[in-house]
Amino acid sequence: MSEPDTNTPSQILASSGIPFEAESFQQIGVTESWRKYNDALSWGRGQCLAVLDDGCDLTVAEWRVVMPWGPKVIATYNSIDRNDDPSPVPPGYHGTSVGFPSSLNYQDIRGVAFNNSVAHVRCISVVHLEKDETATMAAGLQWVIDHRAEYNITAVNLSPVDDQRHGAPVPTAIDQKLQSLRELDVWVSAPCGNHHYTDGISWPACQPHCFAIGATVPGKRAVHLDRWSNTDLLVAAGATSSSNACAAGCAQILREAIEKSGYTWRRKADNLPEAMMAIFSESGRRVEDEATGLIFAELDLLAAIDSVCSR
């Protein structure tokens, strides 16, 4: 096994990095946020993002990075086997790379919140759900609840999709866990799905207390992939798993901007995640979707940061 890749302090500033998804990051406003707030924000440092998916191969170099203040991956769990080994088991494959858009900090290539730490939780067999795995998903979310304070978990990337059209919530065992995390001020979001449905979105994105993240085409202001009236936010990406990953990273950056600016977020909502979603929605670009007749908000991270730092 190779030695961990150790970043030097000079590599932690945003201005020196290469965006993981250049076209998407530009449209989201990430690269301009890095430039404008380069020295003012820490880009996720001190916050942990929990990735709940079908397992992560921790032997890949990207997850063996050690930053000046500690390792990129600070915790792991497997709610299926009830141990700390999140390694994917075939057909699982997705969890190894889904955290790259939000968290990568490897050889000068940067995810959105590249200085954050990550907790990898294997809670499903495969990201495109083939059976009922709500019990192990609920157990994974409970692990986050139990360890939130220990690791300062501020956001959850809940990656699974059932690839169905849901216009309304589907009551399951994860709902109480999602509500508890919302009340604990933890951002939880999930991808809407990638089938170009225009009459519903995937589960668990359709659930209460879980933000549903859809997508716009990188390089265009055009909605694509799954969406409906229960979609909360669009993020430029080629797949909604990447949209959701970017949204989770952006939530960590906005959280820090709110804290450092002293912004009175309670004017927006009773809890911080809903306040951040309100800020993203209000500061985002309006995108009209001919297929559904709906108007969505497209995430603009720079506008969101500006809106809280100028108050």
# chains A, B, ... in the order shown; residues from 1 in each chain; ligands from 1
$ residues_around --residues "Val308 (chain A)" --least-positions-apart "6" --cutoff "9 Å" --atoms "only C-alpha atoms" --output "list in words"
Leu254, Ala257, Ile258, Ser261, Gly262, Tyr263, Thr264, Trp265 and Ile279 of chain A
$ residues_around --residues "region 210-216 of chain A" --least-positions-apart "6" --cutoff "9 Å" --atoms "only C-alpha atoms" --output "PyMOL selection string"
chain A and resi 158+175+178-179+182+187-194+201-202+204+222-227+230-244+247+277+287+298
$ select_by_dssp --residues "region 47-119 of chain A" --states "strand (DSSP E)" --output "list in words"
Cys48, Leu49, Ala50, Val51, Leu52, Asp53, Val66, Met67, Gly70, Pro71, Val73, Ile74, Ala75, Thr76, Tyr77, Asn78, Asn105, Tyr106, Ile109, Arg110, Ser117, Val118 and Ala119 of chain A
$ closest_residue --among "A:Asn157, A:Thr96, A:Thr292, A:Ser281" --to "Leu58 (chain A)" --atoms "only C-alpha atoms"
A:Thr96
$ residues_around --residues "Ile109 (chain A)" --least-positions-apart "2" --cutoff "9 Å" --atoms "only C-alpha atoms" --output "count of residues only"
10
$ residues_around --residues "Ala135 (chain A)" --least-positions-apart "5" --cutoff "12 Å" --atoms "only C-alpha atoms" --output "PyMOL selection string"
chain A and resi 79-80+123-124+140-142+172-175+177
$ write_last_selection --atoms "all heavy atoms" --output "PDB file, in the first residue's frame"
ATOM      1  N   SER A  79     -23.150   0.082   8.047  1.00  0.00           N
ATOM      2  CA  SER A  79     -24.376  -0.244   8.776  1.00  0.00           C
ATOM      3  C   SER A  79     -24.997  -1.555   8.317  1.00  0.00           C
ATOM      4  O   SER A  79     -25.942  -2.048   8.941  1.00  0.00           O
ATOM      5  CB  SER A  79     -25.395   0.890   8.638  1.00  0.00           C
ATOM      6  OG  SER A  79     -25.827   1.034   7.297  1.00  0.00           O
ATOM      7  N   ILE A  80     -24.477  -2.138   7.238  1.00  0.00           N
ATOM      8  CA  ILE A  80     -24.956  -3.445   6.780  1.00  0.00           C
ATOM      9  C   ILE A  80     -24.323  -4.546   7.628  1.00  0.00           C
ATOM     10  O   ILE A  80     -25.006  -5.429   8.153  1.00  0.00           O
ATOM     11  CB  ILE A  80     -24.629  -3.651   5.290  1.00  0.00           C
ATOM     12  CG1 ILE A  80     -25.358  -2.608   4.434  1.00  0.00           C
ATOM     13  CG2 ILE A  80     -25.009  -5.071   4.847  1.00  0.00           C
ATOM     14  CD1 ILE A  80     -24.982  -2.646   2.968  1.00  0.00           C
ATOM     15  N   CYS A 123     -24.134   2.016   3.554  1.00  0.00           N
ATOM     16  CA  CYS A 123     -25.450   1.717   4.137  1.00  0.00           C
ATOM     17  C   CYS A 123     -26.374   1.003   3.164  1.00  0.00           C
ATOM     18  O   CYS A 123     -27.496   0.663   3.526  1.00  0.00           O
ATOM     19  CB  CYS A 123     -26.101   3.002   4.632  1.00  0.00           C
ATOM     20  SG  CYS A 123     -26.556   4.167   3.333  1.00  0.00           S
ATOM     21  N   ILE A 124     -25.918   0.785   1.922  1.00  0.00           N
ATOM     22  CA  ILE A 124     -26.716   0.093   0.906  1.00  0.00           C
ATOM     23  C   ILE A 124     -25.797  -0.805   0.087  1.00  0.00           C
ATOM     24  O   ILE A 124     -24.573  -0.638   0.087  1.00  0.00           O
ATOM     25  CB  ILE A 124     -27.422   1.086  -0.036  1.00  0.00           C
ATOM     26  CG1 ILE A 124     -26.413   2.108  -0.592  1.00  0.00           C
ATOM     27  CG2 ILE A 124     -28.588   1.763   0.660  1.00  0.00           C
ATOM     28  CD1 ILE A 124     -26.939   2.976  -1.695  1.00  0.00           C
ATOM     29  N   GLY A 140     -27.540   3.837   9.136  1.00  0.00           N
ATOM     30  CA  GLY A 140     -26.464   4.743   8.739  1.00  0.00           C
ATOM     31  C   GLY A 140     -26.732   6.167   9.164  1.00  0.00           C
ATOM     32  O   GLY A 140     -25.832   6.878   9.642  1.00  0.00           O
ATOM     33  N   LEU A 141     -27.962   6.607   8.994  1.00  0.00           N
ATOM     34  CA  LEU A 141     -28.335   7.956   9.437  1.00  0.00           C
ATOM     35  C   LEU A 141     -28.259   8.079  10.954  1.00  0.00           C
ATOM     36  O   LEU A 141     -27.856   9.125  11.479  1.00  0.00           O
ATOM     37  CB  LEU A 141     -29.735   8.301   8.941  1.00  0.00           C
ATOM     38  CG  LEU A 141     -29.875   8.499   7.427  1.00  0.00           C
ATOM     39  CD1 LEU A 141     -31.341   8.510   7.018  1.00  0.00           C
ATOM     40  CD2 LEU A 141     -29.189   9.787   6.977  1.00  0.00           C
ATOM     41  N   GLN A 142     -28.613   7.008  11.666  1.00  0.00           N
ATOM     42  CA  GLN A 142     -28.495   7.039  13.131  1.00  0.00           C
ATOM     43  C   GLN A 142     -27.039   7.152  13.546  1.00  0.00           C
ATOM     44  O   GLN A 142     -26.718   7.843  14.528  1.00  0.00           O
ATOM     45  CB  GLN A 142     -29.115   5.784  13.739  1.00  0.00           C
ATOM     46  CG  GLN A 142     -29.120   5.784  15.262  1.00  0.00           C
ATOM     47  CD  GLN A 142     -29.939   6.925  15.845  1.00  0.00           C
ATOM     48  OE1 GLN A 142     -31.084   7.133  15.453  1.00  0.00           O
ATOM     49  NE2 GLN A 142     -29.346   7.678  16.773  1.00  0.00           N
ATOM     50  N   THR A 172     -41.211   5.900   5.148  1.00  0.00           N
ATOM     51  CA  THR A 172     -40.300   4.774   5.384  1.00  0.00           C
ATOM     52  C   THR A 172     -39.587   4.960   6.716  1.00  0.00           C
ATOM     53  O   THR A 172     -39.760   5.967   7.404  1.00  0.00           O
ATOM     54  CB  THR A 172     -39.225   4.665   4.274  1.00  0.00           C
ATOM     55  OG1 THR A 172     -38.360   5.791   4.356  1.00  0.00           O
ATOM     56  CG2 THR A 172     -39.835   4.585   2.887  1.00  0.00           C
ATOM     57  N   ALA A 173     -38.701   4.015   7.019  1.00  0.00           N
ATOM     58  CA  ALA A 173     -37.981   4.006   8.295  1.00  0.00           C
ATOM     59  C   ALA A 173     -36.963   5.120   8.423  1.00  0.00           C
ATOM     60  O   ALA A 173     -36.485   5.382   9.530  1.00  0.00           O
ATOM     61  CB  ALA A 173     -37.289   2.655   8.477  1.00  0.00           C
ATOM     62  N   ILE A 174     -36.612   5.789   7.334  1.00  0.00           N
ATOM     63  CA  ILE A 174     -35.586   6.836   7.431  1.00  0.00           C
ATOM     64  C   ILE A 174     -36.166   8.195   7.818  1.00  0.00           C
ATOM     65  O   ILE A 174     -35.417   9.116   8.148  1.00  0.00           O
ATOM     66  CB  ILE A 174     -34.791   6.993   6.116  1.00  0.00           C
ATOM     67  CG1 ILE A 174     -35.649   7.618   5.002  1.00  0.00           C
ATOM     68  CG2 ILE A 174     -34.203   5.655   5.678  1.00  0.00           C
ATOM     69  CD1 ILE A 174     -34.846   8.014   3.774  1.00  0.00           C
ATOM     70  N   ASP A 175     -37.484   8.343   7.795  1.00  0.00           N
ATOM     71  CA  ASP A 175     -38.083   9.672   7.931  1.00  0.00           C
ATOM     72  C   ASP A 175     -37.790  10.328   9.282  1.00  0.00           C
ATOM     73  O   ASP A 175     -37.486  11.519   9.356  1.00  0.00           O
ATOM     74  CB  ASP A 175     -39.590   9.603   7.683  1.00  0.00           C
ATOM     75  CG  ASP A 175     -39.924   9.190   6.264  1.00  0.00           C
ATOM     76  OD1 ASP A 175     -39.018   9.256   5.406  1.00  0.00           O
ATOM     77  OD2 ASP A 175     -41.071   8.793   6.010  1.00  0.00           O
ATOM     78  N   LYS A 177     -35.259   9.757  11.195  1.00  0.00           N
ATOM     79  CA  LYS A 177     -33.827  10.089  11.223  1.00  0.00           C
ATOM     80  C   LYS A 177     -33.569  11.401  10.473  1.00  0.00           C
ATOM     81  O   LYS A 177     -32.798  12.254  10.939  1.00  0.00           O
ATOM     82  CB  LYS A 177     -32.995   8.968  10.601  1.00  0.00           C
ATOM     83  CG  LYS A 177     -33.314   7.573  11.106  1.00  0.00           C
ATOM     84  CD  LYS A 177     -33.107   7.413  12.585  1.00  0.00           C
ATOM     85  CE  LYS A 177     -33.363   5.962  13.014  1.00  0.00           C
ATOM     86  NZ  LYS A 177     -33.271   5.771  14.469  1.00  0.00           N
TER      87      LYS A 177
END
$ closest_atom_pairs --of "region 154-251 of chain A" --to "region 29-45 of chain A" --cutoff "12 Å" --atoms "only C-alpha atoms" --output "Markdown table"
| residue | atom | partner | partner_atom | distance |
| --- | --- | --- | --- | --- |
| A:Thr154 | CA | A:Gly44 | CA | 9.9 |
| A:Ala155 | CA | A:Gly44 | CA | 10.6 |
| A:Val235 | CA | A:Gly29 | CA | 10.4 |
| A:Ala236 | CA | A:Gly29 | CA | 10.0 |
| A:Cys246 | CA | A:Val30 | CA | 9.4 |
| A:Ala247 | CA | A:Val30 | CA | 10.8 |
| A:Ala248 | CA | A:Gly44 | CA | 10.7 |
| A:Gly249 | CA | A:Gly44 | CA | 7.7 |
| A:Cys250 | CA | A:Val30 | CA | 8.2 |
| A:Ala251 | CA | A:Gly44 | CA | 9.5 |
$ closest_residue --among "A:Val118, A:Ala61, A:Ile253, A:Met276" --to "Val73 (chain A)" --atoms "only C-alpha atoms"
A:Val118
$ select_by_dssp --residues "region 83-307 of chain A" --states "alpha helix (DSSP H)" --output "PyMOL selection string"
chain A and resi 100-103+134-151+175-183+240-261+272-283+301-307
